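Student: Hey, dropping model_3.tsv in here, TSV, C-alpha atoms and all ligand atoms:
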```
chain	number	residue	atom	x	y	z
A	6	MET	CA	-5.09	17.34	4.31
A	7	ILE	CA	-6.16	14.98	7.11
A	8	PHE	CA	-3.38	12.76	8.37
A	9	VAL	CA	-4.68	9.41	9.60
A	10	ALA	CA	-2.38	7.54	11.97
A	11	ALA	CA	-3.50	5.24	14.74
A	12	SER	CA	-2.69	7.35	17.80
A	13	ASN	CA	-0.03	9.70	16.52
A	14	SER	CA	-0.54	13.16	15.22
A	15	ARG	CA	1.60	14.03	12.23
A	16	TYR	CA	3.23	16.75	14.29
A	17	ARG	CA	4.24	14.30	17.02
A	18	VAL	CA	5.85	11.90	14.54
A	19	GLU	CA	7.66	14.72	12.75
A	20	THR	CA	9.01	16.10	16.02
A	21	LEU	CA	10.06	12.66	17.21
A	22	PHE	CA	12.13	12.02	14.10
A	23	ASP	CA	13.46	15.57	13.82
A	24	THR	CA	14.93	14.92	17.27
A	25	ARG	CA	16.29	11.47	16.42
A	26	ALA	CA	17.69	12.45	13.02
A	27	THR	CA	21.31	13.15	13.97
A	28	THR	CA	21.91	9.78	15.61
A	29	TYR	CA	19.47	7.56	13.69
A	30	SER	CA	21.96	6.04	11.24
A	31	ASN	CA	24.53	5.40	14.01
A	32	HIS	CA	22.53	2.36	15.08
A	33	SER	CA	23.78	-0.54	13.00
A	34	TRP	CA	20.45	-2.38	13.28
A	35	HIS	CA	18.64	0.49	11.54
A	36	VAL	CA	21.09	0.20	8.65
A	37	ARG	CA	20.83	-3.58	8.43
A	38	TYR	CA	17.02	-3.53	8.70
A	39	ALA	CA	16.67	-1.10	5.76
A	40	GLU	CA	19.37	-2.63	3.58
A	41	ARG	CA	17.99	-6.15	4.05
A	42	LEU	CA	14.59	-5.06	2.70
A	43	VAL	CA	16.32	-3.75	-0.43
A	44	GLU	CA	18.43	-6.90	-0.75
A	45	LEU	CA	15.29	-9.08	-0.66
A	46	ALA	CA	13.46	-6.81	-3.13
A	47	ALA	CA	16.48	-7.07	-5.49
A	48	PRO	CA	15.96	-3.88	-7.56
A	49	THR	CA	17.23	-3.99	-11.12
A	50	SER	CA	18.51	-1.36	-13.53
A	51	GLU	CA	16.03	1.23	-14.86
A	52	MET	CA	13.50	0.64	-12.10
A	53	ARG	CA	11.50	3.57	-10.75
A	54	ILE	CA	11.51	3.13	-6.98
A	55	LEU	CA	9.60	4.85	-4.19
A	56	ASP	CA	11.11	4.66	-0.70
A	57	ALA	CA	8.16	5.58	1.51
A	58	ALA	CA	9.17	7.01	4.92
A	59	THR	CA	12.77	7.13	3.71
A	60	GLY	CA	14.12	8.65	6.95
A	61	THR	CA	17.86	9.18	6.59
A	62	GLY	CA	17.70	7.50	3.17
A	63	LEU	CA	19.15	4.12	4.11
A	64	ALA	CA	16.91	2.07	1.81
A	65	ALA	CA	16.85	4.76	-0.91
A	66	ILE	CA	20.65	4.78	-1.08
A	67	ALA	CA	20.88	0.98	-1.14
A	68	ALA	CA	18.23	0.90	-3.90
A	69	ALA	CA	19.98	3.59	-5.97
A	70	ARG	CA	23.24	1.66	-5.71
A	71	ALA	CA	21.48	-1.52	-6.81
A	72	THR	CA	19.88	0.02	-9.91
A	73	GLY	CA	22.90	2.06	-10.91
A	74	PRO	CA	22.44	5.43	-12.65
A	75	ALA	CA	19.69	4.10	-14.94
A	76	GLY	CA	17.32	3.72	-12.00
A	77	GLN	CA	15.34	6.54	-10.38
A	78	VAL	CA	14.61	6.62	-6.66
A	79	VAL	CA	12.20	8.94	-4.86
A	80	GLY	CA	12.47	9.12	-1.07
A	81	VAL	CA	9.50	10.58	0.81
A	82	ASP	CA	9.36	11.51	4.49
A	83	ILE	CA	7.50	13.95	6.73
A	84	SER	CA	10.48	14.79	8.93
A	85	SER	CA	12.65	17.59	7.58
A	86	GLY	CA	15.36	16.60	10.09
A	87	MET	CA	15.55	13.07	8.70
A	88	LEU	CA	15.50	14.41	5.12
A	89	THR	CA	18.42	16.73	5.86
A	90	ARG	CA	20.44	13.71	6.98
A	91	ALA	CA	19.32	11.78	3.91
A	92	ARG	CA	20.48	14.65	1.68
A	93	ASP	CA	23.91	14.67	3.35
A	94	ALA	CA	24.26	10.89	2.98
A	95	ILE	CA	23.27	11.02	-0.71
A	96	VAL	CA	25.88	13.70	-1.41
A	97	LYS	CA	28.49	11.68	0.50
A	98	ALA	CA	27.58	8.56	-1.53
A	99	LYS	CA	27.90	10.64	-4.76
A	100	LEU	CA	24.50	9.44	-5.99
A	101	VAL	CA	22.57	11.58	-8.45
A	102	ASN	CA	19.52	9.40	-9.02
A	103	ILE	CA	17.65	10.03	-5.75
A	104	GLU	CA	15.04	12.76	-5.32
A	105	LEU	CA	13.80	13.61	-1.82
A	106	ILE	CA	10.33	14.97	-1.12
A	107	ARG	CA	8.82	16.10	2.16
A	108	ALA	CA	5.31	14.66	2.14
A	109	ASP	CA	2.95	12.17	3.70
A	110	ALA	CA	3.95	8.85	2.12
A	111	ALA	CA	0.36	7.61	2.38
A	112	ALA	CA	-1.00	10.41	0.15
A	113	LEU	CA	1.07	11.31	-2.89
A	114	PRO	CA	-1.33	12.92	-5.40
A	115	GLN	CA	1.63	14.51	-7.22
A	116	PHE	CA	2.40	11.06	-8.70
A	117	GLU	CA	0.23	9.42	-11.33
A	118	GLU	CA	-1.07	5.86	-11.19
A	119	GLY	CA	1.60	3.31	-12.04
A	120	SER	CA	4.54	5.67	-11.41
A	121	PHE	CA	6.75	3.10	-9.66
A	122	ASP	CA	8.03	-0.42	-10.35
A	123	LEU	CA	9.07	-0.98	-6.76
A	124	ILE	CA	7.69	0.61	-3.57
A	125	LEU	CA	9.55	0.01	-0.32
A	126	CYS	CA	8.76	0.99	3.23
A	127	SER	CA	11.31	0.03	5.86
A	128	ALA	CA	10.12	0.32	9.46
A	129	GLY	CA	7.63	3.04	8.54
A	130	LEU	CA	4.14	1.52	8.44
A	131	LEU	CA	3.72	1.51	12.22
A	132	TYR	CA	3.43	5.32	12.04
A	133	MET	CA	0.71	5.32	9.36
A	134	SER	CA	-2.74	3.98	8.69
A	135	VAL	CA	-1.68	0.69	7.08
A	136	ASN	CA	-4.68	0.38	4.82
A	137	ALA	CA	-4.55	3.99	3.56
A	138	ALA	CA	-0.83	3.68	2.82
A	139	LEU	CA	-1.04	0.31	1.06
A	140	ARG	CA	-4.00	1.48	-1.04
A	141	GLU	CA	-2.05	4.54	-2.14
A	142	TRP	CA	0.96	2.38	-3.01
A	143	ARG	CA	-1.26	0.00	-4.99
A	144	ARG	CA	-2.40	3.04	-7.03
A	145	LEU	CA	1.21	4.11	-7.59
A	146	LEU	CA	2.43	0.63	-8.54
A	147	ALA	CA	3.05	-0.13	-12.22
A	148	PRO	CA	1.65	-3.42	-13.59
A	149	GLY	CA	3.94	-6.26	-12.52
A	150	GLY	CA	5.50	-4.10	-9.80
A	151	LEU	CA	6.37	-5.03	-6.23
A	152	VAL	CA	5.54	-3.51	-2.83
A	153	GLY	CA	7.71	-4.52	0.13
A	154	PHE	CA	7.64	-3.47	3.77
A	155	SER	CA	9.30	-4.53	6.98
A	156	THR	CA	7.86	-4.82	10.46
A	157	MET	CA	8.87	-6.23	13.82
A	158	ARG	CA	7.13	-9.44	14.76
A	159	GLU	CA	4.39	-9.00	17.37
A	160	GLY	CA	5.95	-8.84	20.87
A	161	PHE	CA	9.35	-7.62	19.61
A	162	PRO	CA	11.64	-6.05	20.56
A	163	LEU	CA	11.42	-7.86	23.90
A	164	ALA	CA	12.69	-4.77	25.77
A	165	ALA	CA	9.55	-2.93	24.58
A	166	THR	CA	7.27	-5.75	25.74
A	167	LEU	CA	8.95	-5.55	29.16
A	168	PHE	CA	8.31	-1.77	29.13
A	169	ARG	CA	4.61	-2.27	28.42
A	170	SER	CA	4.24	-4.93	31.10
A	171	HIS	CA	5.78	-2.53	33.66
A	172	ALA	CA	3.51	0.27	32.40
A	173	ARG	CA	0.50	-1.77	33.56
A	174	ARG	CA	1.68	-1.32	37.18
A	175	TYR	CA	1.12	2.42	36.66
A	176	GLY	CA	-2.37	1.91	35.23
A	177	LEU	CA	-1.31	2.24	31.59
A	178	THR	CA	-2.47	-0.19	28.93
A	179	LEU	CA	-0.18	0.43	25.97
A	180	THR	CA	-0.64	-1.21	22.59
A	181	ASP	CA	2.18	-3.08	20.90
A	182	PRO	CA	2.96	-1.01	17.75
A	183	SER	CA	4.09	-4.24	16.05
A	184	ALA	CA	0.75	-5.95	16.65
A	185	ALA	CA	-1.11	-4.69	13.56
A	186	LEU	CA	1.26	-6.32	11.06
A	187	GLY	CA	3.31	-8.55	13.34
A	188	THR	CA	2.48	-11.98	11.96
A	189	ARG	CA	2.79	-13.57	8.51
A	190	ARG	CA	-1.02	-13.88	8.33
A	191	ARG	CA	-1.62	-10.20	9.22
A	192	CYS	CA	0.87	-8.99	6.57
A	193	HIS	CA	-0.88	-11.21	4.05
A	194	GLN	CA	-4.31	-9.86	5.08
A	195	ALA	CA	-3.11	-6.22	5.00
A	196	PHE	CA	-2.05	-6.66	1.38
A	197	LEU	CA	-5.35	-8.34	0.46
A	198	ASP	CA	-7.37	-5.59	2.19
A	199	ALA	CA	-5.58	-3.02	0.02
A	200	GLY	CA	-6.08	-4.96	-3.21
A	201	ILE	CA	-2.46	-6.14	-3.41
A	202	ILE	CA	-1.68	-9.81	-4.06
A	203	PRO	CA	0.69	-11.13	-1.38
A	204	SER	CA	3.78	-12.88	-2.72
A	205	ASN	CA	6.49	-13.82	-0.23
A	206	VAL	CA	7.09	-13.20	3.45
A	207	VAL	CA	10.56	-13.61	4.92
A	208	GLU	CA	10.98	-13.97	8.69
A	209	GLU	CA	14.41	-13.34	10.16
A	210	SER	CA	16.17	-12.24	13.29
A	211	LEU	CA	17.80	-8.81	13.58
A	212	ARG	CA	20.46	-8.14	16.20
A	213	PHE	CA	20.69	-5.01	18.35
A	214	ALA	CA	23.96	-3.84	19.88
A	215	LEU	CA	24.13	-3.77	23.67
A	216	GLY	CA	24.52	0.04	23.47
A	217	ASP	CA	21.09	0.34	21.79
A	218	LEU	CA	19.45	-0.73	25.07
A	219	GLU	CA	21.03	2.23	26.90
A	220	HIS	CA	18.48	4.37	25.09
A	221	ALA	CA	15.57	1.94	25.57
A	222	TRP	CA	13.61	4.08	28.08
A	223	GLU	CA	13.78	7.22	25.93
A	224	ALA	CA	12.87	5.26	22.82
A	225	HIS	CA	9.86	3.61	24.49
A	226	ILE	CA	8.35	6.71	26.09
A	227	ARG	CA	8.44	8.50	22.75
A	228	GLY	CA	7.46	5.48	20.69
A	229	PRO	CA	4.24	5.07	18.70
A	230	HIS	CA	1.18	4.03	20.76
A	231	HIS	CA	2.95	4.97	24.00
A	232	ASP	CA	1.51	8.54	24.26
A	233	ALA	CA	-0.32	7.71	27.51
A	234	VAL	CA	3.00	7.72	29.42
A	235	ALA	CA	2.72	11.53	29.28
A	236	THR	CA	-0.33	11.32	31.59
A	237	LEU	CA	1.81	10.08	34.54
A	238	THR	CA	2.92	12.52	37.21
A	239	PRO	CA	6.68	13.24	37.35
A	240	THR	CA	6.93	11.05	40.49
A	241	GLN	CA	5.13	8.13	38.84
A	242	LYS	CA	7.26	8.51	35.76
A	243	GLN	CA	10.46	8.45	37.77
A	244	ALA	CA	9.35	5.32	39.64
A	245	PHE	CA	8.33	3.65	36.37
A	246	GLN	CA	11.72	4.49	34.81
A	247	ARG	CA	13.57	3.13	37.83
A	248	ASP	CA	11.53	-0.13	37.91
A	249	TYR	CA	11.88	-0.68	34.20
A	250	THR	CA	15.60	0.04	34.06
A	251	THR	CA	16.25	-2.30	37.00
A	252	ALA	CA	14.16	-5.07	35.41
A	253	LEU	CA	15.95	-4.63	32.07
A	254	THR	CA	19.39	-4.72	33.72
A	255	ASN	CA	18.45	-7.87	35.65
A	256	LEU	CA	17.08	-9.57	32.57
A	257	LEU	CA	20.21	-8.72	30.59
A	258	ARG	CA	22.24	-10.80	33.05
A	259	THR	CA	20.43	-14.00	32.08
A	260	GLU	CA	18.75	-13.27	28.75
A	261	GLU	CA	21.17	-11.01	26.89
A	262	ASP	CA	21.04	-13.05	23.69
A	263	ASN	CA	17.24	-13.07	23.60
A	264	LEU	CA	16.97	-9.36	24.44
A	265	LEU	CA	19.33	-8.39	21.65
A	266	ALA	CA	17.71	-10.52	18.96
A	267	SER	CA	14.48	-9.24	17.47
A	268	LYS	CA	12.22	-11.18	15.12
A	269	VAL	CA	11.39	-9.21	12.01
A	270	ILE	CA	9.23	-9.74	8.95
A	271	TYR	CA	9.81	-8.58	5.36
A	272	ALA	CA	6.58	-8.84	3.36
A	273	PHE	CA	6.13	-8.48	-0.41
A	274	GLY	CA	3.15	-8.27	-2.71
A	275	GLY	CA	2.27	-7.07	-6.17
A	276	GLY	CA	-0.42	-6.19	-8.64
A	301	LIG	C1	11.74	4.21	11.97
A	301	LIG	S1	12.01	5.45	10.77
A	301	LIG	C2	12.45	4.48	9.35
A	301	LIG	C3	13.26	5.26	8.35
A	301	LIG	C4	13.82	4.46	7.18
A	301	LIG	N1	12.77	3.92	6.34
A	301	LIG	C5	14.74	3.37	7.66
A	301	LIG	O1	14.41	2.20	7.54
A	301	LIG	O2	15.80	3.71	8.16
A	301	LIG	C6	10.36	5.93	10.38
A	301	LIG	C7	10.28	7.11	9.43
A	301	LIG	O3	8.92	7.24	9.00
A	301	LIG	C8	8.68	8.62	8.80
A	301	LIG	N2	7.23	8.76	8.71
A	301	LIG	C9	6.31	8.47	9.65
A	301	LIG	N3	5.08	8.69	9.17
A	301	LIG	C10	5.22	9.14	7.89
A	301	LIG	C11	4.31	9.50	6.88
A	301	LIG	N4	3.00	9.46	7.04
A	301	LIG	N5	4.82	9.90	5.70
A	301	LIG	C12	6.15	9.95	5.48
A	301	LIG	N6	7.05	9.61	6.41
A	301	LIG	C13	6.59	9.19	7.60
A	301	LIG	C14	9.36	9.26	9.97
A	301	LIG	O4	9.54	10.65	9.80
A	301	LIG	C15	10.66	8.46	10.03
A	301	LIG	O5	11.66	9.05	9.25
```
As structure tokens, please, write out the structure in this file.

Tutor:
Amino acid sequence: MIFVAASNSRYRVETLFDTRATTYSNHSWHVRYAERLVELAAPTSEMRILDAATGTGLAAIAAARATGPAGQVVGVDISSGMLTRARDAIVKAKLVNIELIRADAAALPQFEEGSFDLILCSAGLLYMSVNAALREWRRLLAPGGLVGFSTMREGFPLAATLFRSHARRYGLTLTDPSAALGTRRRCHQAFLDAGIIPSNVVEESLRFALGDLEHAWEAHIRGPHHDAVATLTPTQKQAFQRDYTTALTNLLRTEEDNLLASKVIYAFGGG
């Protein structure tokens, strides 16, 4: 199978999330981001739900709670580390209506057309080819069903934009991973390009904790579309890290509120 993702090999994404799996759900903004998507989608009893790129199962668990035992949730992810955490969380939550599958969420031939009433993807599309994924989800969507995804608004989080502007001093031009879907119009167009009729788009602000920024450098250098950082020499990388960390610390003194608030988009469409 060929895995199509802008600049990330499947292996790189898997490894990234295998490494992040143990601490992923400790960040309250990850939890809120996933649970808010489910809240807005408002799943009802007996729905068949796909949680694409389920990670540690945050949205899958919220969806299974919302439907009650009559609903069926399938969580799909490529990272076995994230799925292990999801499995633990499902057992802890005593839920029996979630199935987990390790697979590429943008290619699920094991499911027939119209298998799901609701397809959710929280913070996952930036790692995939958007069009391939949305087309696959349109195939899997039952008539009258709903597809919903979340994305950061273009230019957010601000700490990542600061990182990319500092990267330019070291000759690196890094793409904003939020750019592809990061406006209301682009979400709308992405649905139309995949044959899905856009319905509503909700724009909100999501708050990070101050402690999340302690890991900003690590998160950025391993983030999607930031692979070129690996081409720097160790000396350049050290200087870049020092410059960025100093700039971030200085900015926090005057702009803490702005740095901790990220604009996010929840987009929905159907058949
Ligand atoms: C930022 S995490 C989001 C996890 C979860 N949806 C949440 O909101 O907490 C992104 C997840 O996408 C998964 N992922 C990336 N590309 C994927 C693909 N093509 N198929 C399935 N999962 C993928 C990663 O392994 C990771 O668990």

Student: May I ask you to write as JSON, numbers by chain all residues lying at most 7 Å from ligand LIG 301 (chain A), with all atoms listed in the file counted?

Tutor: {"A": [18, 19, 22, 35, 36, 38, 39, 57, 58, 59, 60, 61, 62, 63, 64, 81, 82, 83, 84, 87, 108, 109, 110, 111, 126, 127, 128, 129, 132, 133]}

Student: In Å, how far is it from atom CA of A:Arg53 to atom CA of A:Ile95?

Tutor: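 Separation between atom CA of A:Arg53 and atom CA of A:Ile95: 17.2 Å.
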
Student: Please identify all polymer residues within 10 Å of A:Val234, counting only C-alpha atoms, omitting same-chain residues fewer than 6 positions from it, and present them as a list of chain:residue names.

Tutor: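 So, after excluding close chain neighbours, the residues are A:Ala172, A:Tyr175, A:Gly176, A:Leu177, A:Thr178, A:Leu179, A:His225, A:Ile226, A:Arg227, A:Gln241, A:Lys242, A:Phe245.
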
Student: Enter the distance from atom CA of A:Leu21 to atom CA of A:Asp217, in Å, rounded to one decimal.

Tutor: 17.2 Å

Student: Tell me which protein, DNA and RNA residues are within 6 Å of A:Leu125, counting only C-alpha atoms, leaving out same-chain ones fewer than 5 positions away, and put them as an MDAnalysis selection string.

Tutor: chainID A and resid 56 152:154

Student: Please measure the separation of atom CA of A:Val78 and atom CA of A:Leu105, giving the value in Å to one decimal.

Tutor: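 One can read the atom CA of A:Val78 to atom CA of A:Leu105 distance as 8.5 Å.
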
Student: Can you tell me which residues surround A:Leu151 at a distance of at most 12 Å, considering only C-alpha atoms, apart from same-chain residues fewer than 6 positions away, and format the answer as a PyMOL selection string?

Tutor: chain A and resi 43+45-49+52-55+119+121-126+139+142-145+196+201-205+272-276

Student: Counting only C-alpha atoms, which residues sit no farther than 9 Å from the position (18.6, 13.1, 9.0) in the file's frame? I'd like them as a PDB file with C-alpha atoms, in the coordinates of the input.

Tutor:
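Saved the output as out.pdb:
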```
ATOM      1  CA  PHE A  22      12.130  12.020  14.100  1.00  0.00           C
ATOM      2  CA  ASP A  23      13.460  15.570  13.820  1.00  0.00           C
ATOM      3  CA  ARG A  25      16.290  11.470  16.420  1.00  0.00           C
ATOM      4  CA  ALA A  26      17.690  12.450  13.020  1.00  0.00           C
ATOM      5  CA  THR A  27      21.310  13.150  13.970  1.00  0.00           C
ATOM      6  CA  THR A  28      21.910   9.780  15.610  1.00  0.00           C
ATOM      7  CA  TYR A  29      19.470   7.560  13.690  1.00  0.00           C
ATOM      8  CA  SER A  30      21.960   6.040  11.240  1.00  0.00           C
ATOM      9  CA  GLY A  60      14.120   8.650   6.950  1.00  0.00           C
ATOM     10  CA  THR A  61      17.860   9.180   6.590  1.00  0.00           C
ATOM     11  CA  GLY A  62      17.700   7.500   3.170  1.00  0.00           C
ATOM     12  CA  SER A  84      10.480  14.790   8.930  1.00  0.00           C
ATOM     13  CA  SER A  85      12.650  17.590   7.580  1.00  0.00           C
ATOM     14  CA  GLY A  86      15.360  16.600  10.090  1.00  0.00           C
ATOM     15  CA  MET A  87      15.550  13.070   8.700  1.00  0.00           C
ATOM     16  CA  LEU A  88      15.500  14.410   5.120  1.00  0.00           C
ATOM     17  CA  THR A  89      18.420  16.730   5.860  1.00  0.00           C
ATOM     18  CA  ARG A  90      20.440  13.710   6.980  1.00  0.00           C
ATOM     19  CA  ALA A  91      19.320  11.780   3.910  1.00  0.00           C
ATOM     20  CA  ARG A  92      20.480  14.650   1.680  1.00  0.00           C
ATOM     21  CA  ASP A  93      23.910  14.670   3.350  1.00  0.00           C
ATOM     22  CA  ALA A  94      24.260  10.890   2.980  1.00  0.00           C
TER      23      ALA A  94
END
```

Student: Name the residues within 7 Å of (28.0, 3.8, 16.1), counting all atoms listed in the file in the file's coordinates, and put them as a PDB file with C-alpha atoms, in the frame of the given file.

Tutor:
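Generated file (point.pdb):
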```pdb
ATOM      1  CA  ASN A  31      24.530   5.400  14.010  1.00  0.00           C
ATOM      2  CA  HIS A  32      22.530   2.360  15.080  1.00  0.00           C
ATOM      3  CA  SER A  33      23.780  -0.540  13.000  1.00  0.00           C
TER       4      SER A  33
END
```

Student: Missing atoms in stretch 106-116 of chain A need filling: write out all heavy atoms for it as a PDB file, in the coordinates of the input.

Tutor:
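Result file is out-v4.pdb:
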```pdb
ATOM      1  N   ILE A 106      11.527  14.124  -1.199  1.00  0.00           N
ATOM      2  CA  ILE A 106      10.330  14.970  -1.120  1.00  0.00           C
ATOM      3  C   ILE A 106       9.791  14.914   0.300  1.00  0.00           C
ATOM      4  O   ILE A 106       9.678  13.821   0.888  1.00  0.00           O
ATOM      5  CB  ILE A 106       9.235  14.466  -2.095  1.00  0.00           C
ATOM      6  CG1 ILE A 106       9.740  14.514  -3.527  1.00  0.00           C
ATOM      7  CG2 ILE A 106       7.948  15.269  -1.935  1.00  0.00           C
ATOM      8  CD1 ILE A 106       8.793  13.903  -4.537  1.00  0.00           C
ATOM      9  N   ARG A 107       9.446  16.081   0.836  1.00  0.00           N
ATOM     10  CA  ARG A 107       8.820  16.100   2.160  1.00  0.00           C
ATOM     11  C   ARG A 107       7.313  16.022   1.975  1.00  0.00           C
ATOM     12  O   ARG A 107       6.682  16.953   1.460  1.00  0.00           O
ATOM     13  CB  ARG A 107       9.203  17.376   2.905  1.00  0.00           C
ATOM     14  CG  ARG A 107       8.635  17.398   4.294  1.00  0.00           C
ATOM     15  CD  ARG A 107       9.358  18.399   5.173  1.00  0.00           C
ATOM     16  NE  ARG A 107       8.731  18.435   6.479  1.00  0.00           N
ATOM     17  CZ  ARG A 107       8.028  19.458   6.953  1.00  0.00           C
ATOM     18  NH1 ARG A 107       7.891  20.564   6.228  1.00  0.00           N
ATOM     19  NH2 ARG A 107       7.484  19.394   8.136  1.00  0.00           N
ATOM     20  N   ALA A 108       6.752  14.878   2.330  1.00  0.00           N
ATOM     21  CA  ALA A 108       5.310  14.660   2.140  1.00  0.00           C
ATOM     22  C   ALA A 108       4.859  13.478   2.963  1.00  0.00           C
ATOM     23  O   ALA A 108       5.684  12.717   3.472  1.00  0.00           O
ATOM     24  CB  ALA A 108       5.021  14.388   0.657  1.00  0.00           C
ATOM     25  N   ASP A 109       3.541  13.337   3.070  1.00  0.00           N
ATOM     26  CA  ASP A 109       2.950  12.170   3.700  1.00  0.00           C
ATOM     27  C   ASP A 109       3.039  11.012   2.697  1.00  0.00           C
ATOM     28  O   ASP A 109       2.443  11.085   1.618  1.00  0.00           O
ATOM     29  CB  ASP A 109       1.486  12.492   4.043  1.00  0.00           C
ATOM     30  CG  ASP A 109       0.757  11.333   4.687  1.00  0.00           C
ATOM     31  OD1 ASP A 109       1.322  10.226   4.772  1.00  0.00           O
ATOM     32  OD2 ASP A 109      -0.396  11.548   5.110  1.00  0.00           O
ATOM     33  N   ALA A 110       3.735   9.968   3.056  1.00  0.00           N
ATOM     34  CA  ALA A 110       3.950   8.850   2.120  1.00  0.00           C
ATOM     35  C   ALA A 110       2.674   8.083   1.823  1.00  0.00           C
ATOM     36  O   ALA A 110       2.633   7.278   0.893  1.00  0.00           O
ATOM     37  CB  ALA A 110       5.013   7.914   2.685  1.00  0.00           C
ATOM     38  N   ALA A 111       1.621   8.318   2.617  1.00  0.00           N
ATOM     39  CA  ALA A 111       0.360   7.610   2.380  1.00  0.00           C
ATOM     40  C   ALA A 111      -0.589   8.415   1.493  1.00  0.00           C
ATOM     41  O   ALA A 111      -1.723   7.997   1.246  1.00  0.00           O
ATOM     42  CB  ALA A 111      -0.320   7.316   3.716  1.00  0.00           C
ATOM     43  N   ALA A 112      -0.151   9.569   1.024  1.00  0.00           N
ATOM     44  CA  ALA A 112      -1.000  10.410   0.150  1.00  0.00           C
ATOM     45  C   ALA A 112      -0.080  11.192  -0.767  1.00  0.00           C
ATOM     46  O   ALA A 112       0.460  12.221  -0.374  1.00  0.00           O
ATOM     47  CB  ALA A 112      -1.853  11.347   0.992  1.00  0.00           C
ATOM     48  N   LEU A 113       0.107  10.682  -1.966  1.00  0.00           N
ATOM     49  CA  LEU A 113       1.070  11.310  -2.890  1.00  0.00           C
ATOM     50  C   LEU A 113       0.383  11.655  -4.225  1.00  0.00           C
ATOM     51  O   LEU A 113       0.697  11.073  -5.274  1.00  0.00           O
ATOM     52  CB  LEU A 113       2.255  10.362  -3.115  1.00  0.00           C
ATOM     53  CG  LEU A 113       3.127  10.114  -1.880  1.00  0.00           C
ATOM     54  CD1 LEU A 113       4.074   8.937  -2.095  1.00  0.00           C
ATOM     55  CD2 LEU A 113       3.924  11.379  -1.529  1.00  0.00           C
ATOM     56  N   PRO A 114      -0.576  12.613  -4.186  1.00  0.00           N
ATOM     57  CA  PRO A 114      -1.330  12.920  -5.400  1.00  0.00           C
ATOM     58  C   PRO A 114      -0.463  13.491  -6.520  1.00  0.00           C
ATOM     59  O   PRO A 114      -0.886  13.523  -7.681  1.00  0.00           O
ATOM     60  CB  PRO A 114      -2.364  13.959  -4.914  1.00  0.00           C
ATOM     61  CG  PRO A 114      -1.814  14.510  -3.646  1.00  0.00           C
ATOM     62  CD  PRO A 114      -0.988  13.438  -3.036  1.00  0.00           C
ATOM     63  N   GLN A 115       0.749  13.964  -6.175  1.00  0.00           N
ATOM     64  CA  GLN A 115       1.630  14.510  -7.220  1.00  0.00           C
ATOM     65  C   GLN A 115       2.148  13.439  -8.177  1.00  0.00           C
ATOM     66  O   GLN A 115       2.700  13.756  -9.223  1.00  0.00           O
ATOM     67  CB  GLN A 115       2.799  15.301  -6.616  1.00  0.00           C
ATOM     68  CG  GLN A 115       3.750  14.542  -5.704  1.00  0.00           C
ATOM     69  CD  GLN A 115       3.332  14.533  -4.242  1.00  0.00           C
ATOM     70  OE1 GLN A 115       2.233  14.117  -3.924  1.00  0.00           O
ATOM     71  NE2 GLN A 115       4.207  14.983  -3.363  1.00  0.00           N
ATOM     72  N   PHE A 116       1.979  12.144  -7.805  1.00  0.00           N
ATOM     73  CA  PHE A 116       2.400  11.060  -8.700  1.00  0.00           C
ATOM     74  C   PHE A 116       1.193  10.378  -9.319  1.00  0.00           C
ATOM     75  O   PHE A 116       0.193  10.115  -8.643  1.00  0.00           O
ATOM     76  CB  PHE A 116       3.227  10.020  -7.914  1.00  0.00           C
ATOM     77  CG  PHE A 116       4.557  10.553  -7.459  1.00  0.00           C
ATOM     78  CD1 PHE A 116       4.758  10.877  -6.133  1.00  0.00           C
ATOM     79  CD2 PHE A 116       5.591  10.748  -8.361  1.00  0.00           C
ATOM     80  CE1 PHE A 116       5.974  11.393  -5.704  1.00  0.00           C
ATOM     81  CE2 PHE A 116       6.808  11.260  -7.945  1.00  0.00           C
ATOM     82  CZ  PHE A 116       7.005  11.590  -6.618  1.00  0.00           C
TER      83      PHE A 116
END
```
